$ cat target-v5.cif   # mmCIF, C-alpha atoms and all ligand atoms
data_input
#
loop_
_atom_site.label_atom_id
_atom_site.label_comp_id
_atom_site.auth_asym_id
_atom_site.auth_seq_id
_atom_site.Cartn_x
_atom_site.Cartn_y
_atom_site.Cartn_z
CA MET A 1 -26.35 -3.02 -13.17
CA LYS A 2 -25.38 -4.37 -9.73
CA GLN A 3 -25.06 -8.13 -9.46
CA VAL A 4 -24.09 -10.47 -6.67
CA LEU A 5 -22.48 -13.84 -7.07
CA CYS A 6 -22.28 -16.17 -4.10
CA TYR A 7 -19.09 -18.11 -4.04
CA GLY A 8 -18.64 -20.34 -1.02
CA SER A 9 -18.95 -18.03 1.96
CA GLU A 10 -18.05 -14.97 -0.12
CA ALA A 11 -20.46 -12.66 -1.88
CA ILE A 12 -18.86 -11.08 -4.91
CA GLU A 13 -20.60 -7.88 -5.89
CA TYR A 14 -20.01 -6.57 -9.37
CA ASN A 15 -21.23 -3.97 -11.80
CA LEU A 16 -22.43 -5.52 -15.01
CA GLN A 17 -22.30 -3.59 -18.22
CA PHE A 18 -23.15 -4.74 -21.73
CA THR A 19 -20.79 -3.37 -24.32
CA ASP A 20 -19.81 -3.86 -27.90
CA ARG A 21 -17.10 -6.46 -27.37
CA LYS A 22 -16.45 -10.08 -28.22
CA THR A 23 -15.50 -11.55 -24.86
CA LEU A 24 -16.30 -11.04 -21.21
CA GLY A 25 -13.88 -8.79 -19.32
CA ILE A 26 -13.39 -8.44 -15.58
CA VAL A 27 -11.54 -5.63 -13.85
CA VAL A 28 -10.97 -5.31 -10.10
CA HIS A 29 -10.35 -1.67 -9.20
CA SER A 30 -8.20 -0.45 -6.35
CA ASN A 31 -11.28 0.63 -4.38
CA ARG A 32 -12.32 -3.07 -4.55
CA VAL A 33 -15.11 -2.39 -7.04
CA VAL A 34 -15.48 -5.17 -9.60
CA ASP A 35 -16.56 -4.29 -13.14
CA VAL A 36 -17.75 -6.92 -15.57
CA LYS A 37 -18.20 -6.05 -19.22
CA ALA A 38 -20.12 -8.55 -21.29
CA PRO A 39 -20.86 -8.65 -25.00
CA ILE A 40 -24.30 -7.33 -25.89
CA GLY A 41 -26.76 -10.20 -26.06
CA SER A 42 -24.99 -12.56 -23.64
CA SER A 43 -27.27 -14.46 -21.27
CA MET A 44 -27.20 -14.01 -17.50
CA ILE A 45 -26.55 -17.74 -17.01
CA ASP A 46 -23.55 -17.51 -19.29
CA ILE A 47 -22.22 -14.38 -17.55
CA GLU A 48 -22.66 -15.87 -14.09
CA SER A 49 -20.86 -19.06 -15.00
CA LYS A 50 -17.98 -17.07 -16.46
CA VAL A 51 -17.71 -14.81 -13.40
CA LYS A 52 -17.89 -17.91 -11.21
CA LYS A 53 -14.97 -19.46 -13.05
CA LYS A 54 -12.97 -16.34 -12.28
CA ALA A 55 -14.16 -16.05 -8.67
CA VAL A 56 -10.90 -17.25 -7.12
CA TRP A 57 -8.96 -14.81 -9.25
CA ILE A 58 -11.31 -11.93 -8.31
CA LEU A 59 -11.00 -12.66 -4.60
CA LYS A 60 -7.25 -12.89 -4.96
CA GLN A 61 -7.10 -9.51 -6.71
CA LYS A 62 -9.10 -7.95 -3.91
CA ASP A 63 -6.46 -9.11 -1.47
CA TYR A 64 -3.61 -7.68 -3.42
CA PHE A 65 -4.30 -4.06 -2.76
CA LEU A 66 -2.30 -1.94 -0.45
CA SER A 67 -5.11 -1.35 1.94
CA PHE A 68 -4.96 -2.26 5.60
CA GLU A 69 -6.93 -2.06 8.79
CA PRO A 70 -5.50 0.46 11.25
CA ARG A 71 -3.69 -1.02 14.21
CA LEU A 72 -5.80 -1.09 17.33
CA THR A 73 -3.18 -1.24 20.07
CA GLU A 74 -2.73 2.10 21.75
CA ARG A 75 0.79 3.39 22.15
CA GLN A 76 1.79 4.75 25.53
CA TYR A 77 5.00 6.58 24.59
CA VAL A 78 6.79 5.62 27.76
CA SER A 79 10.30 4.31 28.41
CA GLY A 80 10.69 0.64 27.55
CA GLU A 81 7.96 0.59 24.91
CA THR A 82 8.98 -0.93 21.59
CA HIS A 83 8.83 1.20 18.44
CA LEU A 84 9.84 0.30 14.90
CA TYR A 85 12.14 2.03 12.46
CA LEU A 86 13.00 0.54 9.05
CA GLY A 87 11.87 -2.89 10.21
CA ARG A 88 13.93 -2.93 13.40
CA GLN A 89 12.69 -2.76 16.97
CA TYR A 90 13.90 -0.04 19.26
CA GLN A 91 13.10 0.66 22.86
CA LEU A 92 11.92 4.11 23.82
CA LYS A 93 14.04 5.92 26.35
CA ILE A 94 12.55 9.14 27.67
CA ILE A 95 15.20 11.51 29.00
CA LYS A 96 14.51 14.86 30.69
CA SER A 97 16.34 17.68 28.96
CA THR A 98 16.23 21.40 28.30
CA ILE A 99 16.12 20.88 24.53
CA ASP A 100 13.66 18.64 22.70
CA SER A 101 15.34 16.19 20.35
CA VAL A 102 15.25 12.58 19.17
CA LYS A 103 18.23 10.30 18.54
CA TYR A 104 18.61 6.62 17.91
CA THR A 105 21.52 4.62 19.14
CA GLY A 106 21.92 0.86 19.25
CA ARG A 107 18.59 -0.57 20.36
CA PHE A 108 17.17 2.69 21.63
CA ILE A 109 15.22 5.64 20.35
CA GLU A 110 16.11 8.34 22.83
CA ILE A 111 13.61 11.14 23.32
CA TYR A 112 15.05 14.19 25.03
CA THR A 113 12.13 16.16 26.30
CA SER A 114 11.59 19.42 28.12
CA GLY A 115 8.04 18.34 28.83
CA ASN A 116 6.52 21.08 26.70
CA ILE A 117 5.86 18.90 23.68
CA LYS A 118 4.20 15.51 23.87
CA VAL A 119 6.54 12.55 23.32
CA GLU A 120 4.15 11.28 20.66
CA LYS A 121 4.55 14.53 18.74
CA LEU A 122 8.32 14.48 19.03
CA ILE A 123 8.64 10.94 17.77
CA ASN A 124 6.18 11.52 14.92
CA ALA A 125 8.15 14.56 13.78
CA TRP A 126 11.27 12.42 13.88
CA TYR A 127 9.57 9.67 11.82
CA ARG A 128 8.47 12.31 9.33
CA GLU A 129 12.01 13.60 8.97
CA LYS A 130 13.32 10.07 8.42
CA ALA A 131 10.49 9.26 6.00
CA GLU A 132 11.39 12.28 3.90
CA ILE A 133 15.01 11.21 3.66
CA TRP A 134 14.41 7.49 3.06
CA PHE A 135 11.35 7.54 0.80
CA TYR A 136 13.07 9.85 -1.68
CA LYS A 137 16.32 7.93 -1.45
CA LEU A 138 14.51 4.68 -2.22
CA ALA A 139 12.16 6.18 -4.82
CA GLU A 140 14.79 7.98 -6.89
CA PRO A 141 16.47 4.97 -8.55
CA LEU A 142 13.08 3.31 -9.06
CA ILE A 143 11.65 6.39 -10.77
CA GLU A 144 14.76 6.42 -12.95
CA ARG A 145 14.20 2.75 -13.83
CA PHE A 146 10.57 3.31 -14.81
CA LYS A 147 11.58 5.92 -17.36
CA ARG A 148 12.12 3.01 -19.74
CA TYR A 149 8.32 2.67 -19.80
CA ASN A 150 8.04 6.38 -20.58
CA VAL A 151 6.42 7.20 -17.26
CA CYS A 152 7.41 9.46 -14.43
CA PRO A 153 5.31 10.43 -11.41
CA GLU A 154 4.15 14.01 -11.26
CA SER A 155 5.03 14.09 -7.58
CA VAL A 156 5.84 11.84 -4.64
CA ASN A 157 4.52 12.97 -1.29
CA ILE A 158 4.12 11.65 2.21
CA ASN A 159 0.75 11.43 3.82
CA ASN A 160 -0.92 9.92 6.85
CA MET A 161 -3.49 7.79 5.11
CA LYS A 162 -5.63 5.75 7.42
CA TYR A 163 -6.25 2.70 5.33
CA ARG A 164 -3.66 2.67 2.60
CA TRP A 165 0.07 2.22 2.26
CA GLY A 166 0.18 4.14 -0.94
CA SER A 167 -1.85 5.56 -3.78
CA CYS A 168 -1.41 6.87 -7.28
CA SER A 169 -3.80 9.43 -8.73
CA ILE A 170 -4.87 9.55 -12.36
CA LYS A 171 -2.56 12.51 -12.76
CA GLY A 172 0.37 10.44 -11.53
CA ARG A 173 0.70 11.86 -8.03
CA ILE A 174 2.05 9.20 -5.72
CA LEU A 175 1.31 9.29 -2.00
CA LEU A 176 3.21 7.15 0.48
CA ASN A 177 2.02 6.51 4.01
CA GLN A 178 4.41 7.91 6.59
CA GLU A 179 3.94 4.73 8.65
CA LEU A 180 5.99 2.88 6.04
CA ILE A 181 9.13 4.28 7.66
CA LYS A 182 8.56 1.65 10.34
CA ALA A 183 8.79 -1.19 7.81
CA PRO A 184 11.86 -2.80 6.21
CA LYS A 185 13.29 -0.93 3.23
CA ALA A 186 12.22 -3.63 0.77
CA CYS A 187 8.59 -3.18 1.92
CA ILE A 188 8.86 0.53 1.15
CA GLN A 189 10.37 -0.29 -2.25
CA TYR A 190 7.52 -2.70 -2.90
CA VAL A 191 4.90 0.00 -2.28
CA ILE A 192 6.78 2.47 -4.48
CA ILE A 193 7.12 -0.09 -7.29
CA HIS A 194 3.43 -0.99 -6.96
CA GLU A 195 2.46 2.66 -7.42
CA LEU A 196 4.93 3.19 -10.27
CA CYS A 197 3.39 0.18 -12.05
CA HIS A 198 0.07 2.04 -11.86
CA LEU A 199 1.58 4.74 -14.05
CA VAL A 200 1.83 2.06 -16.74
CA HIS A 201 -1.34 0.08 -15.95
CA ARG A 202 -4.16 1.80 -14.03
CA ASP A 203 -5.88 -1.35 -12.82
CA HIS A 204 -4.79 -4.60 -11.24
CA THR A 205 -4.85 -6.54 -14.46
CA LYS A 206 -2.61 -9.44 -15.37
CA ALA A 207 -0.39 -7.02 -17.28
CA PHE A 208 -0.04 -4.98 -14.09
CA PHE A 209 1.11 -7.98 -12.06
CA ASP A 210 3.43 -9.16 -14.82
CA LEU A 211 5.12 -5.78 -14.74
CA GLN A 212 5.27 -5.72 -10.95
CA SER A 213 6.87 -9.19 -10.95
CA ARG A 214 9.38 -8.11 -13.57
CA GLU A 215 10.36 -5.08 -11.52
CA MET A 216 10.35 -6.90 -8.18
CA PRO A 217 10.35 -10.71 -8.55
CA ASP A 218 9.99 -11.34 -4.79
CA TRP A 219 7.29 -8.72 -4.17
CA GLU A 220 4.92 -11.22 -2.56
CA LYS A 221 7.41 -11.83 0.22
CA TRP A 222 7.57 -8.12 1.02
CA LYS A 223 3.85 -7.71 0.74
CA HIS A 224 3.39 -10.44 3.35
CA LYS A 225 6.07 -8.88 5.54
CA LEU A 226 4.20 -5.60 5.41
CA GLU A 227 1.01 -7.32 6.50
CA GLN A 228 2.68 -9.30 9.29
CA PHE A 229 4.39 -6.23 10.50
CA LEU A 230 1.01 -4.66 11.16
CA ALA A 231 -0.35 -7.53 13.21
ZN ZN B 301 -2.68 -0.90 -6.70
#

$ encode --input "target-v5.cif" --output "structure tokens"
Amino acid sequence: MKQVLCYGSEAIEYNLQFTDRKTLGIVVHSNRVVDVKAPIGSSMIDIESKVKKKAVWILKQKDYFLSFEPRLTERQYVSGETHLYLGRQYQLKIIKSTIDSVKYTGRFIEIYTSGNIKVEKLINAWYREKAEIWFYKLAEPLIERFKRYNVCPESVNINNMKYRWGSCSIKGRILLNQELIKAPKACIQYVIIHELCHLVHRDHTKAFFDLQSREMPDWEKWKHKLEQFLA
């Protein structure tokens, strides 16, 4: 049963279900769907007042996901343009060459190009290569650490998701957005830890956040960094 609760300027939509339970339970799923389970026989007034009391918490949960709006600024891929790698800014330097290759030195990402392949393609292939090295390097010790909870991801892969930094399927397949290679290492670790926590707790419950805080006490800082970094 779909319900809507108006809270200030926000409309909180939720699915209401009556089940055989003693107390009201609220779960905010990673796709931002809110499920409310109420004991059979509870009144709508009672349910609404209870959901209202939790409204701030619900809205907060919705903000804690790893979703983002894609960046709107177009890249030109010309010399002098700033590009990021592991949280640092580098200037593009396009150099004519017979062989296509990418190197980074000091403050520069140097693109040696024969002109046959687009600069955008060359740099993306380079990012991909770096992502493969760094994501696994950063994930390995974390996966090892999570074995104490008797969990282990089925796989860790890189993907170009449009709206998410990472995801974890029910089967335990973790996907990391290739764009993360542009962020500081701790931001990448935060996303990996977030997904590993999902192997223990599927939803963003209090238990989930308790675990995430235990595994990365300053995760909020890195979450904010990740968001700023996109602006
Ligand atoms: Zn999550």

$ closest_residue --input "target-v5.cif" --among "A:Leu196, A:Leu59, A:Ile181, A:Met161" --to "Leu142 (chain A)" --atoms "all atoms listed in the file"
A:Leu196

$ closest_residue --input "target-v5.cif" --among "A:Lys171, A:Lys206, A:Arg32, A:Lys93" --to "Ile123 (chain A)" --atoms "all atoms listed in the file"
A:Lys93

$ closest_residue --input "target-v5.cif" --among "A:Tyr112, A:Tyr190, A:Tyr127, A:Tyr77" --to "ligand ZN 301 (chain B)" --atoms "only C-alpha atoms and all ligand atoms"
A:Tyr190

$ atom_distance --input "target-v5.cif" --atom1 "CA of Gln17 (chain A)" --atom2 "CA of Thr205 (chain A)"
18.1 Å

$ atom_distance --input "target-v5.cif" --atom1 "CA of Leu92 (chain A)" --atom2 "CA of Ser79 (chain A)"
4.9 Å

$ closest_residue --input "target-v5.cif" --among "A:Glu154, A:Glu220, A:Glu195, A:Glu110" --to "ligand ZN 301 (chain B)" --atoms "all atoms listed in the file"
A:Glu195

$ atom_distance --input "target-v5.cif" --atom1 "CA of Gln189 (chain A)" --atom2 "CA of Gly166 (chain A)"
11.2 Å

$ residues_around --input "target-v5.cif" --residues "Met1 (chain A)" --least-positions-apart "5" --cutoff "10 Å" --atoms "only C-alpha atoms" --output "PyMOL selection string"
chain A and resi 14-18+35-36

$ residues_around --input "target-v5.cif" --residues "Phe208 (chain A)" --least-positions-apart "6" --cutoff "10 Å" --atoms "only C-alpha atoms" --output "list in words"
His194, Cys197, His198, Leu199, Val200, His201, Arg202 and Arg214 of chain A

$ closest_residue --input "target-v5.cif" --among "A:Leu175, A:Ile47, A:Ile94, A:Leu138" --to "ligand ZN 301 (chain B)" --atoms "all atoms listed in the file"
A:Leu175

$ closest_residue --input "target-v5.cif" --among "A:Ile26, A:Val191, A:Val4, A:Ala131" --to "ligand ZN 301 (chain B)" --atoms "all atoms listed in the file"
A:Val191

$ residues_near_point --input "target-v5.cif" --point "(7.7, 14.5, 18.6)" --cutoff "10 Å" --atoms "only C-alpha atoms" --output "count of residues only"
18

$ decode --input "target-v5.cif" --residues "region 96-196 of chain A" --atoms "C-alpha atoms" --output "JSON list (two decimals), in the first residue's frame"
[["chain", "number", "residue", "atom", "x", "y", "z"],
["A", 96, "LYS", "CA", 52.34, 14.41, -31.09],
["A", 97, "SER", "CA", 54.03, 11.05, -31.38],
["A", 98, "THR", "CA", 54.23, 7.95, -33.54],
["A", 99, "ILE", "CA", 53.13, 5.69, -30.68],
["A", 100, "ASP", "CA", 50.03, 6.22, -28.55],
["A", 101, "SER", "CA", 50.76, 6.18, -24.83],
["A", 102, "VAL", "CA", 49.92, 7.93, -21.56],
["A", 103, "LYS", "CA", 52.34, 8.86, -18.78],
["A", 104, "TYR", "CA", 52.08, 11.00, -15.71],
["A", 105, "THR", "CA", 54.92, 13.04, -14.39],
["A", 106, "GLY", "CA", 54.86, 15.75, -11.75],
["A", 107, "ARG", "CA", 51.75, 17.83, -12.39],
["A", 108, "PHE", "CA", 51.11, 16.51, -15.87],
["A", 109, "ILE", "CA", 49.30, 13.69, -17.57],
["A", 110, "GLU", "CA", 51.11, 13.43, -20.87],
["A", 111, "ILE", "CA", 49.19, 11.99, -23.79],
["A", 112, "TYR", "CA", 51.38, 10.89, -26.68],
["A", 113, "THR", "CA", 49.13, 10.62, -29.66],
["A", 114, "SER", "CA", 49.47, 9.62, -33.28],
["A", 115, "GLY", "CA", 46.10, 11.19, -33.94],
["A", 116, "ASN", "CA", 44.47, 7.88, -34.81],
["A", 117, "ILE", "CA", 42.81, 7.39, -31.45],
["A", 118, "LYS", "CA", 40.83, 10.07, -29.67],
["A", 119, "VAL", "CA", 42.57, 11.59, -26.64],
["A", 120, "GLU", "CA", 39.45, 10.84, -24.60],
["A", 121, "LYS", "CA", 39.78, 7.15, -25.45],
["A", 122, "LEU", "CA", 43.47, 7.07, -24.62],
["A", 123, "ILE", "CA", 43.02, 8.68, -21.23],
["A", 124, "ASN", "CA", 40.02, 6.49, -20.37],
["A", 125, "ALA", "CA", 42.02, 3.37, -21.19],
["A", 126, "TRP", "CA", 44.77, 4.69, -18.94],
["A", 127, "TYR", "CA", 42.28, 5.36, -16.11],
["A", 128, "ARG", "CA", 40.94, 1.83, -16.56],
["A", 129, "GLU", "CA", 44.42, 0.37, -16.26],
["A", 130, "LYS", "CA", 45.10, 2.38, -13.11],
["A", 131, "ALA", "CA", 41.68, 1.50, -11.67],
["A", 132, "GLU", "CA", 42.40, -2.19, -12.11],
["A", 133, "ILE", "CA", 45.69, -1.89, -10.25],
["A", 134, "TRP", "CA", 44.49, 0.38, -7.44],
["A", 135, "PHE", "CA", 41.01, -0.97, -6.76],
["A", 136, "TYR", "CA", 42.34, -4.49, -6.23],
["A", 137, "LYS", "CA", 45.28, -3.25, -4.21],
["A", 138, "LEU", "CA", 42.94, -1.32, -1.92],
["A", 139, "ALA", "CA", 40.23, -4.00, -1.82],
["A", 140, "GLU", "CA", 42.47, -6.94, -0.99],
["A", 141, "PRO", "CA", 43.30, -6.11, 2.66],
["A", 142, "LEU", "CA", 39.70, -4.99, 3.25],
["A", 143, "ILE", "CA", 38.29, -8.26, 1.90],
["A", 144, "GLU", "CA", 40.75, -10.06, 4.16],
["A", 145, "ARG", "CA", 39.52, -8.02, 7.15],
["A", 146, "PHE", "CA", 35.87, -8.80, 6.46],
["A", 147, "LYS", "CA", 36.54, -12.52, 6.63],
["A", 148, "ARG", "CA", 36.11, -12.16, 10.39],
["A", 149, "TYR", "CA", 32.40, -11.63, 9.66],
["A", 150, "ASN", "CA", 32.40, -14.78, 7.55],
["A", 151, "VAL", "CA", 31.77, -12.92, 4.33],
["A", 152, "CYS", "CA", 33.71, -12.64, 1.12],
["A", 153, "PRO", "CA", 32.56, -11.04, -2.13],
["A", 154, "GLU", "CA", 31.93, -13.38, -5.02],
["A", 155, "SER", "CA", 33.70, -10.94, -7.32],
["A", 156, "VAL", "CA", 34.92, -7.36, -7.53],
["A", 157, "ASN", "CA", 34.61, -5.71, -10.91],
["A", 158, "ILE", "CA", 34.93, -2.30, -12.45],
["A", 159, "ASN", "CA", 32.05, -0.73, -14.27],
["A", 160, "ASN", "CA", 31.01, 2.61, -15.71],
["A", 161, "MET", "CA", 27.84, 3.13, -13.75],
["A", 162, "LYS", "CA", 26.10, 6.37, -14.45],
["A", 163, "TYR", "CA", 24.59, 7.13, -11.10],
["A", 164, "ARG", "CA", 26.41, 5.03, -8.56],
["A", 165, "TRP", "CA", 29.85, 4.79, -7.04],
["A", 166, "GLY", "CA", 29.41, 1.18, -6.19],
["A", 167, "SER", "CA", 26.94, -1.63, -5.79],
["A", 168, "CYS", "CA", 26.67, -5.05, -4.23],
["A", 169, "SER", "CA", 24.34, -7.68, -5.65],
["A", 170, "ILE", "CA", 22.44, -10.20, -3.57],
["A", 171, "LYS", "CA", 24.93, -12.78, -4.75],
["A", 172, "GLY", "CA", 27.78, -10.70, -3.36],
["A", 173, "ARG", "CA", 29.14, -9.30, -6.61],
["A", 174, "ILE", "CA", 30.67, -5.91, -5.98],
["A", 175, "LEU", "CA", 30.89, -3.31, -8.73],
["A", 176, "LEU", "CA", 33.05, -0.23, -8.42],
["A", 177, "ASN", "CA", 32.70, 2.79, -10.66],
["A", 178, "GLN", "CA", 35.81, 3.39, -12.74],
["A", 179, "GLU", "CA", 35.46, 7.14, -12.05],
["A", 180, "LEU", "CA", 36.55, 6.45, -8.47],
["A", 181, "ILE", "CA", 40.15, 6.32, -9.70],
["A", 182, "LYS", "CA", 39.93, 10.11, -9.84],
["A", 183, "ALA", "CA", 39.16, 10.34, -6.11],
["A", 184, "PRO", "CA", 41.52, 10.11, -3.11],
["A", 185, "LYS", "CA", 42.40, 6.58, -2.02],
["A", 186, "ALA", "CA", 40.42, 6.87, 1.22],
["A", 187, "CYS", "CA", 37.27, 7.67, -0.83],
["A", 188, "ILE", "CA", 37.81, 4.46, -2.80],
["A", 189, "GLN", "CA", 38.31, 2.55, 0.45],
["A", 190, "TYR", "CA", 35.11, 4.05, 1.81],
["A", 191, "VAL", "CA", 33.09, 2.79, -1.17],
["A", 192, "ILE", "CA", 34.67, -0.67, -0.91],
["A", 193, "ILE", "CA", 33.98, -0.83, 2.84],
["A", 194, "HIS", "CA", 30.40, 0.35, 2.27],
["A", 195, "GLU", "CA", 29.82, -2.48, -0.20],
["A", 196, "LEU", "CA", 31.55, -5.06, 2.01]]
